[in-house]
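Notes for the one structure printed next.
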Amino acid sequence: MEVDFEKFRKWAEEKFKGDVLVKTDQIRINSIFEKNDSGHHLWCSPSGGKNRRPFGVYHCFKTDEKGSLLKLVKIVEKCDSDEAVAILTGRSTIADLENKIAELLSNDNYNFESEPIKSKLVLPNGCFLISSMSKNNWWRERAEEYLLNRKIPIDDLYICKEPPFKGRIIIPYYDRNCDLIYFNGRHISSKATLRYMGPPISCGTGKEDVVFMAGPWPNKGSTLYVCEGEFNAMSLKISGLNACACGGKNLSEKQAMLLSDYKIIFCLDRDKAGASGLKKMVELTKRFSHNNSSNQIKCTQPPNNYNDWNQMLINLGSNVLREYIIKTQKEIDFDAPSGMAGDIFDI
């Protein structure tokens, strides 16, 4: 039986005194399974999550407690199944249906949002792995020249020969299972009006839903250096550091969740962006993190004469880049008198 979204929302707002966040098809509340939770870590999906489970699903991202909304209502209301069904749907149920739900949710394969995204996304038409092309192929030569100038290897990168991504280096994004979940197309011409272009909105995944991991996803608990752009993340990876890119100085809640298993060091570009964006990134990371909640998160920037990490790699090489990042990473002091990120670091 399907849970009525509005009915569940009204119930949640009544029981939790209006402290409820509505995010598209999700309702988030402070977890009843974690004492003094104030971060809305209990995510409820009346539609049943990605597998459309009967009676909806919930998942507490603090305790990993999960189950059906039927079970949640029973716990909160201290009622039996029939009363819980009446609250959720206005109808009663039968015991064997509840047993079937319990059997489904006890399956080891069951998961909620924490399961890696499964996507049917494919690379654009006319897209070729650069390393698989003939060495005298015109497109390979153009792509290799472009990447060589940035000291980026061609491994695992593509070039597209057909519109709308014609003339773009295609940078694939993979999840922990090595499934393609997104891609970004960087035009090899400096005259291109639109330097970067991703897949259409209809694919269902936006740039704020993913992070680009340079190389395989590292083990949980590892230190991870978070950059703005993919080429910067690749530059750090070449230097021997685990690195990813979040696409700018804005970090979404979903990206923060994806990074929650790592010890984060932000490696931002040196530009005019202020400390406010960085502060929000740090706050989000601490809110969701399993590793940084009690420690200061560190950060660094390139030296004054370099705009980003790839430029530093090109001019100084991977060894200097690695040593610089390791030696200059600092805990962030937002109480400093300045409001600019560059002044916070004073590098």
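Chains: A, B, ... in order of the structure tokens. Residues: from 1 per chain. Ligands: from 1, in order shown.
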Can you check which residues of stretch 162-340 of chain A DSSP gives as strand (DSSP E or B) on the backbone and send them as a PDB file with N, CA and C atoms, in the first residue's frame?
```
ATOM      1  N   ARG A 168      35.370  18.090 -27.523  1.00  0.00           N
ATOM      2  CA  ARG A 168      35.493  18.154 -26.060  1.00  0.00           C
ATOM      3  C   ARG A 168      36.185  16.912 -25.501  1.00  0.00           C
ATOM      4  N   ILE A 169      37.071  17.148 -24.541  1.00  0.00           N
ATOM      5  CA  ILE A 169      37.612  16.048 -23.735  1.00  0.00           C
ATOM      6  C   ILE A 169      36.503  15.621 -22.791  1.00  0.00           C
ATOM      7  N   ILE A 170      36.131  14.349 -22.818  1.00  0.00           N
ATOM      8  CA  ILE A 170      35.064  13.846 -21.955  1.00  0.00           C
ATOM      9  C   ILE A 170      35.690  13.210 -20.717  1.00  0.00           C
ATOM     10  N   ILE A 171      35.346  13.767 -19.562  1.00  0.00           N
ATOM     11  CA  ILE A 171      35.880  13.301 -18.271  1.00  0.00           C
ATOM     12  C   ILE A 171      34.780  12.513 -17.566  1.00  0.00           C
ATOM     13  N   PRO A 172      34.888  11.177 -17.493  1.00  0.00           N
ATOM     14  CA  PRO A 172      33.825  10.384 -16.863  1.00  0.00           C
ATOM     15  C   PRO A 172      33.910  10.394 -15.342  1.00  0.00           C
ATOM     16  N   TYR A 173      32.741  10.370 -14.690  1.00  0.00           N
ATOM     17  CA  TYR A 173      32.641  10.252 -13.238  1.00  0.00           C
ATOM     18  C   TYR A 173      32.149   8.835 -12.928  1.00  0.00           C
ATOM     19  N   TYR A 174      32.807   8.162 -11.985  1.00  0.00           N
ATOM     20  CA  TYR A 174      32.408   6.810 -11.601  1.00  0.00           C
ATOM     21  C   TYR A 174      32.093   6.745 -10.108  1.00  0.00           C
ATOM     22  N   LEU A 180      29.352   4.349 -14.409  1.00  0.00           N
ATOM     23  CA  LEU A 180      29.322   5.715 -14.892  1.00  0.00           C
ATOM     24  C   LEU A 180      28.099   6.438 -14.326  1.00  0.00           C
ATOM     25  N   ILE A 181      28.307   7.568 -13.651  1.00  0.00           N
ATOM     26  CA  ILE A 181      27.190   8.307 -13.060  1.00  0.00           C
ATOM     27  C   ILE A 181      27.079   9.739 -13.589  1.00  0.00           C
ATOM     28  N   TYR A 182      28.128  10.215 -14.281  1.00  0.00           N
ATOM     29  CA  TYR A 182      28.112  11.583 -14.783  1.00  0.00           C
ATOM     30  C   TYR A 182      29.322  11.740 -15.699  1.00  0.00           C
ATOM     31  N   PHE A 183      29.358  12.822 -16.471  1.00  0.00           N
ATOM     32  CA  PHE A 183      30.562  13.166 -17.227  1.00  0.00           C
ATOM     33  C   PHE A 183      30.588  14.666 -17.443  1.00  0.00           C
ATOM     34  N   ASN A 184      31.781  15.189 -17.704  1.00  0.00           N
ATOM     35  CA  ASN A 184      31.946  16.603 -17.996  1.00  0.00           C
ATOM     36  C   ASN A 184      32.769  16.737 -19.267  1.00  0.00           C
ATOM     37  N   GLY A 185      32.365  17.635 -20.157  1.00  0.00           N
ATOM     38  CA  GLY A 185      33.070  17.817 -21.414  1.00  0.00           C
ATOM     39  C   GLY A 185      33.805  19.143 -21.456  1.00  0.00           C
ATOM     40  N   ARG A 186      35.143  19.096 -21.528  1.00  0.00           N
ATOM     41  CA  ARG A 186      35.984  20.314 -21.568  1.00  0.00           C
ATOM     42  C   ARG A 186      36.426  20.552 -22.995  1.00  0.00           C
ATOM     43  N   HIS A 187      36.049  21.699 -23.568  1.00  0.00           N
ATOM     44  CA  HIS A 187      36.381  21.985 -24.961  1.00  0.00           C
ATOM     45  C   HIS A 187      37.877  22.240 -25.105  1.00  0.00           C
ATOM     46  N   TYR A 196      32.790  24.197 -20.388  1.00  0.00           N
ATOM     47  CA  TYR A 196      32.387  22.901 -19.858  1.00  0.00           C
ATOM     48  C   TYR A 196      30.928  22.616 -20.200  1.00  0.00           C
ATOM     49  N   MET A 197      30.633  21.356 -20.464  1.00  0.00           N
ATOM     50  CA  MET A 197      29.254  20.962 -20.728  1.00  0.00           C
ATOM     51  C   MET A 197      29.044  19.538 -20.228  1.00  0.00           C
ATOM     52  N   PHE A 212      33.718  14.168  -8.611  1.00  0.00           N
ATOM     53  CA  PHE A 212      34.668  13.500  -9.500  1.00  0.00           C
ATOM     54  C   PHE A 212      35.816  12.965  -8.660  1.00  0.00           C
ATOM     55  N   MET A 213      36.022  11.650  -8.697  1.00  0.00           N
ATOM     56  CA  MET A 213      37.121  11.044  -7.964  1.00  0.00           C
ATOM     57  C   MET A 213      38.246  10.742  -8.943  1.00  0.00           C
ATOM     58  N   THR A 223      42.569  10.227   4.053  1.00  0.00           N
ATOM     59  CA  THR A 223      42.581  11.666   3.814  1.00  0.00           C
ATOM     60  C   THR A 223      42.255  11.917   2.355  1.00  0.00           C
ATOM     61  N   LEU A 224      41.351  12.862   2.103  1.00  0.00           N
ATOM     62  CA  LEU A 224      40.921  13.164   0.742  1.00  0.00           C
ATOM     63  C   LEU A 224      41.038  14.669   0.509  1.00  0.00           C
ATOM     64  N   TYR A 225      41.735  15.036  -0.543  1.00  0.00           N
ATOM     65  CA  TYR A 225      41.947  16.440  -0.892  1.00  0.00           C
ATOM     66  C   TYR A 225      40.869  16.862  -1.890  1.00  0.00           C
ATOM     67  N   VAL A 226      40.063  17.841  -1.495  1.00  0.00           N
ATOM     68  CA  VAL A 226      38.905  18.253  -2.295  1.00  0.00           C
ATOM     69  C   VAL A 226      39.237  19.519  -3.075  1.00  0.00           C
ATOM     70  N   CYS A 227      39.231  19.395  -4.400  1.00  0.00           N
ATOM     71  CA  CYS A 227      39.532  20.517  -5.288  1.00  0.00           C
ATOM     72  C   CYS A 227      38.247  21.038  -5.923  1.00  0.00           C
ATOM     73  N   ALA A 243      42.491  12.529  -4.348  1.00  0.00           N
ATOM     74  CA  ALA A 243      41.863  13.814  -4.641  1.00  0.00           C
ATOM     75  C   ALA A 243      40.558  13.644  -5.402  1.00  0.00           C
ATOM     76  N   CYS A 244      39.664  14.624  -5.191  1.00  0.00           N
ATOM     77  CA  CYS A 244      38.404  14.645  -5.912  1.00  0.00           C
ATOM     78  C   CYS A 244      38.066  16.097  -6.244  1.00  0.00           C
ATOM     79  N   ALA A 245      37.029  16.289  -7.052  1.00  0.00           N
ATOM     80  CA  ALA A 245      36.571  17.633  -7.412  1.00  0.00           C
ATOM     81  C   ALA A 245      35.079  17.739  -7.176  1.00  0.00           C
ATOM     82  N   LYS A 263      38.594  12.047   5.752  1.00  0.00           N
ATOM     83  CA  LYS A 263      39.169  13.197   6.437  1.00  0.00           C
ATOM     84  C   LYS A 263      39.468  14.240   5.357  1.00  0.00           C
ATOM     85  N   ILE A 264      38.757  15.347   5.403  1.00  0.00           N
ATOM     86  CA  ILE A 264      38.750  16.300   4.305  1.00  0.00           C
ATOM     87  C   ILE A 264      39.771  17.424   4.480  1.00  0.00           C
ATOM     88  N   ILE A 265      40.493  17.710   3.383  1.00  0.00           N
ATOM     89  CA  ILE A 265      41.339  18.897   3.301  1.00  0.00           C
ATOM     90  C   ILE A 265      40.938  19.625   2.025  1.00  0.00           C
ATOM     91  N   PHE A 266      40.399  20.830   2.161  1.00  0.00           N
ATOM     92  CA  PHE A 266      39.967  21.594   0.998  1.00  0.00           C
ATOM     93  C   PHE A 266      41.174  22.249   0.326  1.00  0.00           C
ATOM     94  N   CYS A 267      41.272  22.060  -0.986  1.00  0.00           N
ATOM     95  CA  CYS A 267      42.366  22.632  -1.778  1.00  0.00           C
ATOM     96  C   CYS A 267      41.740  23.530  -2.841  1.00  0.00           C
ATOM     97  N   GLY A 274      35.218  34.741  -1.455  1.00  0.00           N
ATOM     98  CA  GLY A 274      35.365  35.058  -0.041  1.00  0.00           C
ATOM     99  C   GLY A 274      35.300  33.850   0.857  1.00  0.00           C
ATOM    100  N   LYS A 298      41.026  21.082   7.556  1.00  0.00           N
ATOM    101  CA  LYS A 298      42.149  21.866   7.047  1.00  0.00           C
ATOM    102  C   LYS A 298      41.898  22.315   5.612  1.00  0.00           C
ATOM    103  N   CYS A 299      42.734  23.256   5.195  1.00  0.00           N
ATOM    104  CA  CYS A 299      42.568  23.831   3.870  1.00  0.00           C
ATOM    105  C   CYS A 299      43.888  24.421   3.418  1.00  0.00           C
ATOM    106  N   THR A 300      44.051  24.544   2.103  1.00  0.00           N
ATOM    107  CA  THR A 300      45.218  25.215   1.552  1.00  0.00           C
ATOM    108  C   THR A 300      44.856  25.814   0.195  1.00  0.00           C
ATOM    109  N   LYS A 330      46.451  24.100   6.604  1.00  0.00           N
ATOM    110  CA  LYS A 330      46.254  24.696   7.920  1.00  0.00           C
ATOM    111  C   LYS A 330      44.830  24.501   8.397  1.00  0.00           C
ATOM    112  N   GLU A 331      44.674  24.499   9.715  1.00  0.00           N
ATOM    113  CA  GLU A 331      43.334  24.562  10.273  1.00  0.00           C
ATOM    114  C   GLU A 331      42.752  25.940   9.982  1.00  0.00           C
ATOM    115  N   MET A 340      38.387  37.307   3.615  1.00  0.00           N
ATOM    116  CA  MET A 340      38.756  36.674   2.357  1.00  0.00           C
ATOM    117  C   MET A 340      39.533  35.391   2.618  1.00  0.00           C
TER     118      MET A 340
END
```
9 Å contact set for A:Cys246, only C-alpha atoms, chain neighbours under 3 positions out, as a PDB file with N, CA and C atoms, in the first residue's frame:
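Okay, this is what ended up in result_3.pdb:
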```pdb
ATOM      1  N   LYS A 207      25.310  18.103 -11.484  1.00  0.00           N
ATOM      2  CA  LYS A 207      26.678  18.189 -10.989  1.00  0.00           C
ATOM      3  C   LYS A 207      26.740  18.250  -9.467  1.00  0.00           C
ATOM      4  N   GLU A 208      25.676  18.773  -8.833  1.00  0.00           N
ATOM      5  CA  GLU A 208      25.670  18.846  -7.367  1.00  0.00           C
ATOM      6  C   GLU A 208      25.324  17.506  -6.720  1.00  0.00           C
ATOM      7  N   VAL A 210      27.006  14.678  -7.511  1.00  0.00           N
ATOM      8  CA  VAL A 210      28.157  13.794  -7.676  1.00  0.00           C
ATOM      9  C   VAL A 210      29.452  14.519  -7.313  1.00  0.00           C
ATOM     10  N   VAL A 211      30.513  13.739  -7.136  1.00  0.00           N
ATOM     11  CA  VAL A 211      31.865  14.284  -7.068  1.00  0.00           C
ATOM     12  C   VAL A 211      32.725  13.501  -8.052  1.00  0.00           C
ATOM     13  N   PHE A 212      33.718  14.168  -8.611  1.00  0.00           N
ATOM     14  CA  PHE A 212      34.668  13.500  -9.500  1.00  0.00           C
ATOM     15  C   PHE A 212      35.816  12.965  -8.660  1.00  0.00           C
ATOM     16  N   VAL A 226      40.063  17.841  -1.495  1.00  0.00           N
ATOM     17  CA  VAL A 226      38.905  18.253  -2.295  1.00  0.00           C
ATOM     18  C   VAL A 226      39.237  19.519  -3.075  1.00  0.00           C
ATOM     19  N   CYS A 227      39.231  19.395  -4.400  1.00  0.00           N
ATOM     20  CA  CYS A 227      39.532  20.517  -5.288  1.00  0.00           C
ATOM     21  C   CYS A 227      38.247  21.038  -5.923  1.00  0.00           C
ATOM     22  N   GLU A 228      38.394  22.095  -6.710  1.00  0.00           N
ATOM     23  CA  GLU A 228      37.241  22.654  -7.424  1.00  0.00           C
ATOM     24  C   GLU A 228      37.019  21.933  -8.754  1.00  0.00           C
ATOM     25  N   GLY A 229      38.064  21.831  -9.587  1.00  0.00           N
ATOM     26  CA  GLY A 229      37.918  21.260 -10.922  1.00  0.00           C
ATOM     27  C   GLY A 229      38.602  19.921 -11.092  1.00  0.00           C
ATOM     28  N   GLU A 230      38.183  19.197 -12.149  1.00  0.00           N
ATOM     29  CA  GLU A 230      38.706  17.854 -12.380  1.00  0.00           C
ATOM     30  C   GLU A 230      40.213  17.853 -12.664  1.00  0.00           C
ATOM     31  N   LYS A 249      33.326  26.316  -5.520  1.00  0.00           N
ATOM     32  CA  LYS A 249      33.423  26.627  -4.097  1.00  0.00           C
ATOM     33  C   LYS A 249      32.101  26.421  -3.378  1.00  0.00           C
ATOM     34  N   ASN A 250      31.169  25.740  -4.020  1.00  0.00           N
ATOM     35  CA  ASN A 250      29.909  25.380  -3.390  1.00  0.00           C
ATOM     36  C   ASN A 250      29.843  23.871  -3.226  1.00  0.00           C
ATOM     37  N   LEU A 251      29.463  23.437  -2.053  1.00  0.00           N
ATOM     38  CA  LEU A 251      29.338  22.015  -1.762  1.00  0.00           C
ATOM     39  C   LEU A 251      27.888  21.742  -1.389  1.00  0.00           C
ATOM     40  N   SER A 252      27.253  20.796  -2.093  1.00  0.00           N
ATOM     41  CA  SER A 252      25.856  20.479  -1.791  1.00  0.00           C
ATOM     42  C   SER A 252      25.784  19.461  -0.658  1.00  0.00           C
ATOM     43  N   GLN A 255      26.784  16.061  -1.955  1.00  0.00           N
ATOM     44  CA  GLN A 255      28.233  15.903  -2.069  1.00  0.00           C
ATOM     45  C   GLN A 255      28.868  15.713  -0.697  1.00  0.00           C
TER      46      GLN A 255
END
```
Calculate how many Å separate atom CA of A:Lys62 from atom CA of A:Asn219, rounding to one decimal.
-> 19.8 Å
Close residues, stretch 155-166 of chain A itself excluded, 12 Å, only C-alpha atoms, min 5 positions apart in chain, as a PyMOL selection string | chain A and resi 123-133+137-144+146-148+171-174+183-189+192+194-200+214-216+230-231+234+238
Go ahead and save the residues from that selection, with N, CA and C atoms, as a short mmCIF file (atom, residue, chain, number, x, y, z; two decimals), in the first residue's frame.
```cif
data_model
loop_
_atom_site.label_atom_id
_atom_site.label_comp_id
_atom_site.auth_asym_id
_atom_site.auth_seq_id
_atom_site.Cartn_x
_atom_site.Cartn_y
_atom_site.Cartn_z
N LEU A 123 28.10 7.47 -22.33
CA LEU A 123 28.87 8.58 -22.88
C LEU A 123 28.25 9.03 -24.20
N PRO A 124 28.51 10.26 -24.63
CA PRO A 124 27.88 10.79 -25.85
C PRO A 124 28.25 9.99 -27.09
N ASN A 125 27.40 10.09 -28.12
CA ASN A 125 27.71 9.48 -29.41
C ASN A 125 28.97 10.10 -29.99
N GLY A 126 29.76 9.27 -30.67
CA GLY A 126 30.99 9.78 -31.27
C GLY A 126 32.10 10.00 -30.29
N CYS A 127 32.03 9.31 -29.15
CA CYS A 127 33.00 9.47 -28.07
C CYS A 127 33.97 8.29 -28.10
N PHE A 128 35.29 8.57 -28.08
CA PHE A 128 36.29 7.51 -28.19
C PHE A 128 37.34 7.65 -27.09
N LEU A 129 37.74 6.51 -26.52
CA LEU A 129 38.84 6.49 -25.55
C LEU A 129 40.10 6.92 -26.29
N ILE A 130 40.74 7.97 -25.83
CA ILE A 130 41.87 8.56 -26.56
C ILE A 130 42.98 7.53 -26.77
N SER A 131 43.29 6.76 -25.73
CA SER A 131 44.40 5.80 -25.82
C SER A 131 44.13 4.66 -26.79
N SER A 132 42.85 4.47 -27.17
CA SER A 132 42.50 3.38 -28.08
C SER A 132 42.57 3.80 -29.55
N MET A 133 42.74 5.09 -29.80
CA MET A 133 42.77 5.60 -31.17
C MET A 133 44.16 5.47 -31.78
N ASN A 137 45.88 9.55 -35.58
CA ASN A 137 44.52 10.05 -35.74
C ASN A 137 44.48 11.53 -35.39
N TRP A 138 43.82 12.33 -36.24
CA TRP A 138 43.80 13.78 -36.05
C TRP A 138 43.21 14.16 -34.70
N TRP A 139 42.12 13.50 -34.30
CA TRP A 139 41.47 13.83 -33.03
C TRP A 139 42.35 13.45 -31.84
N ARG A 140 43.03 12.31 -31.94
CA ARG A 140 43.93 11.91 -30.85
C ARG A 140 45.06 12.92 -30.72
N GLU A 141 45.62 13.35 -31.85
CA GLU A 141 46.72 14.31 -31.80
C GLU A 141 46.29 15.61 -31.13
N ARG A 142 45.07 16.09 -31.45
CA ARG A 142 44.58 17.33 -30.86
C ARG A 142 44.37 17.16 -29.35
N ALA A 143 43.76 16.04 -28.99
CA ALA A 143 43.48 15.79 -27.56
C ALA A 143 44.77 15.62 -26.78
N GLU A 144 45.74 14.87 -27.33
CA GLU A 144 47.01 14.65 -26.65
C GLU A 144 47.78 15.96 -26.47
N TYR A 146 46.51 18.95 -26.24
CA TYR A 146 45.81 19.73 -25.22
C TYR A 146 46.17 19.24 -23.82
N LEU A 147 46.13 17.93 -23.61
CA LEU A 147 46.40 17.37 -22.29
C LEU A 147 47.88 17.42 -21.93
N LEU A 148 48.76 17.25 -22.93
CA LEU A 148 50.19 17.32 -22.67
C LEU A 148 50.58 18.70 -22.16
N ILE A 171 35.35 13.77 -19.56
CA ILE A 171 35.88 13.30 -18.27
C ILE A 171 34.78 12.51 -17.57
N PRO A 172 34.89 11.18 -17.49
CA PRO A 172 33.82 10.38 -16.86
C PRO A 172 33.91 10.39 -15.34
N TYR A 173 32.74 10.37 -14.69
CA TYR A 173 32.64 10.25 -13.24
C TYR A 173 32.15 8.83 -12.93
N TYR A 174 32.81 8.16 -11.98
CA TYR A 174 32.41 6.81 -11.60
C TYR A 174 32.09 6.74 -10.11
N PHE A 183 29.36 12.82 -16.47
CA PHE A 183 30.56 13.17 -17.23
C PHE A 183 30.59 14.67 -17.44
N ASN A 184 31.78 15.19 -17.70
CA ASN A 184 31.95 16.60 -18.00
C ASN A 184 32.77 16.74 -19.27
N GLY A 185 32.37 17.64 -20.16
CA GLY A 185 33.07 17.82 -21.41
C GLY A 185 33.81 19.14 -21.46
N ARG A 186 35.14 19.10 -21.53
CA ARG A 186 35.98 20.31 -21.57
C ARG A 186 36.43 20.55 -23.00
N HIS A 187 36.05 21.70 -23.57
CA HIS A 187 36.38 21.99 -24.96
C HIS A 187 37.88 22.24 -25.11
N ILE A 188 38.48 21.69 -26.18
CA ILE A 188 39.92 21.85 -26.37
C ILE A 188 40.27 23.19 -27.01
N SER A 189 39.26 23.94 -27.43
CA SER A 189 39.50 25.26 -28.01
C SER A 189 39.33 26.34 -26.96
N ALA A 192 36.07 28.57 -27.30
CA ALA A 192 34.72 28.04 -27.09
C ALA A 192 33.93 28.93 -26.13
N LEU A 194 31.26 28.05 -24.40
CA LEU A 194 30.96 27.25 -23.21
C LEU A 194 32.10 26.27 -22.99
N ARG A 195 32.93 26.55 -21.98
CA ARG A 195 34.11 25.70 -21.77
C ARG A 195 33.74 24.30 -21.33
N TYR A 196 32.79 24.20 -20.39
CA TYR A 196 32.39 22.90 -19.86
C TYR A 196 30.93 22.62 -20.20
N MET A 197 30.63 21.36 -20.46
CA MET A 197 29.25 20.96 -20.73
C MET A 197 29.04 19.54 -20.23
N GLY A 198 27.99 19.35 -19.43
CA GLY A 198 27.68 18.04 -18.88
C GLY A 198 26.50 17.41 -19.59
N PRO A 199 26.04 16.26 -19.12
CA PRO A 199 24.90 15.58 -19.73
C PRO A 199 23.62 16.39 -19.54
N PRO A 200 22.59 16.11 -20.35
CA PRO A 200 21.33 16.85 -20.23
C PRO A 200 20.63 16.59 -18.90
N ALA A 214 39.41 11.33 -8.70
CA ALA A 214 40.57 11.10 -9.57
C ALA A 214 41.17 9.75 -9.22
N GLY A 215 40.85 8.73 -10.00
CA GLY A 215 41.29 7.38 -9.71
C GLY A 215 40.24 6.64 -8.91
N PRO A 216 40.56 5.42 -8.46
CA PRO A 216 39.60 4.64 -7.67
C PRO A 216 39.24 5.34 -6.37
N GLU A 230 38.18 19.20 -12.15
CA GLU A 230 38.71 17.85 -12.38
C GLU A 230 40.21 17.85 -12.66
N PHE A 231 40.70 18.81 -13.49
CA PHE A 231 42.13 18.84 -13.81
C PHE A 231 42.97 19.10 -12.56
N MET A 234 43.10 15.81 -10.76
CA MET A 234 44.04 14.92 -11.45
C MET A 234 45.49 15.32 -11.16
N ILE A 238 48.24 12.82 -9.58
CA ILE A 238 49.56 12.59 -10.18
C ILE A 238 50.67 12.79 -9.16
#
```
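The space separating atom CA of A:Lys286 from atom CA of A:Glu323 comes to 26.3 Å.
Here atom CA of A:Arg52 and atom CA of A:Thr24 stand 15.3 Å from one another.
Distance annotation: of A:Lys220, A:Lys279, A:Lys120, A:Arg287, the residue with the minimal separation from A:Phe61 is A:Arg287; atom set is only C-alpha atoms.
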Give the answer as one residue: which of A:Met281, A:Leu236, A:Ile154, A:Leu70 has the shortest atom-to-atom distance to A:Ile297, using only C-alpha atoms?
-> A:Met281
Minimum-distance residue to A:Pro54, chosen among A:Thr205, A:Asn30, A:Thr89, A:Thr285 (using only C-alpha atoms) =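 Closest to A:Pro54, using only C-alpha atoms: A:Thr89.
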Go through A:Ser289, A:Thr193, A:Ser239, A:Asn304 and flag the residue nearest A:Leu258, using only C-alpha atoms for the distances.
->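 Looking only at the distances to A:Leu258, the closest residue turns out to be A:Ser289.
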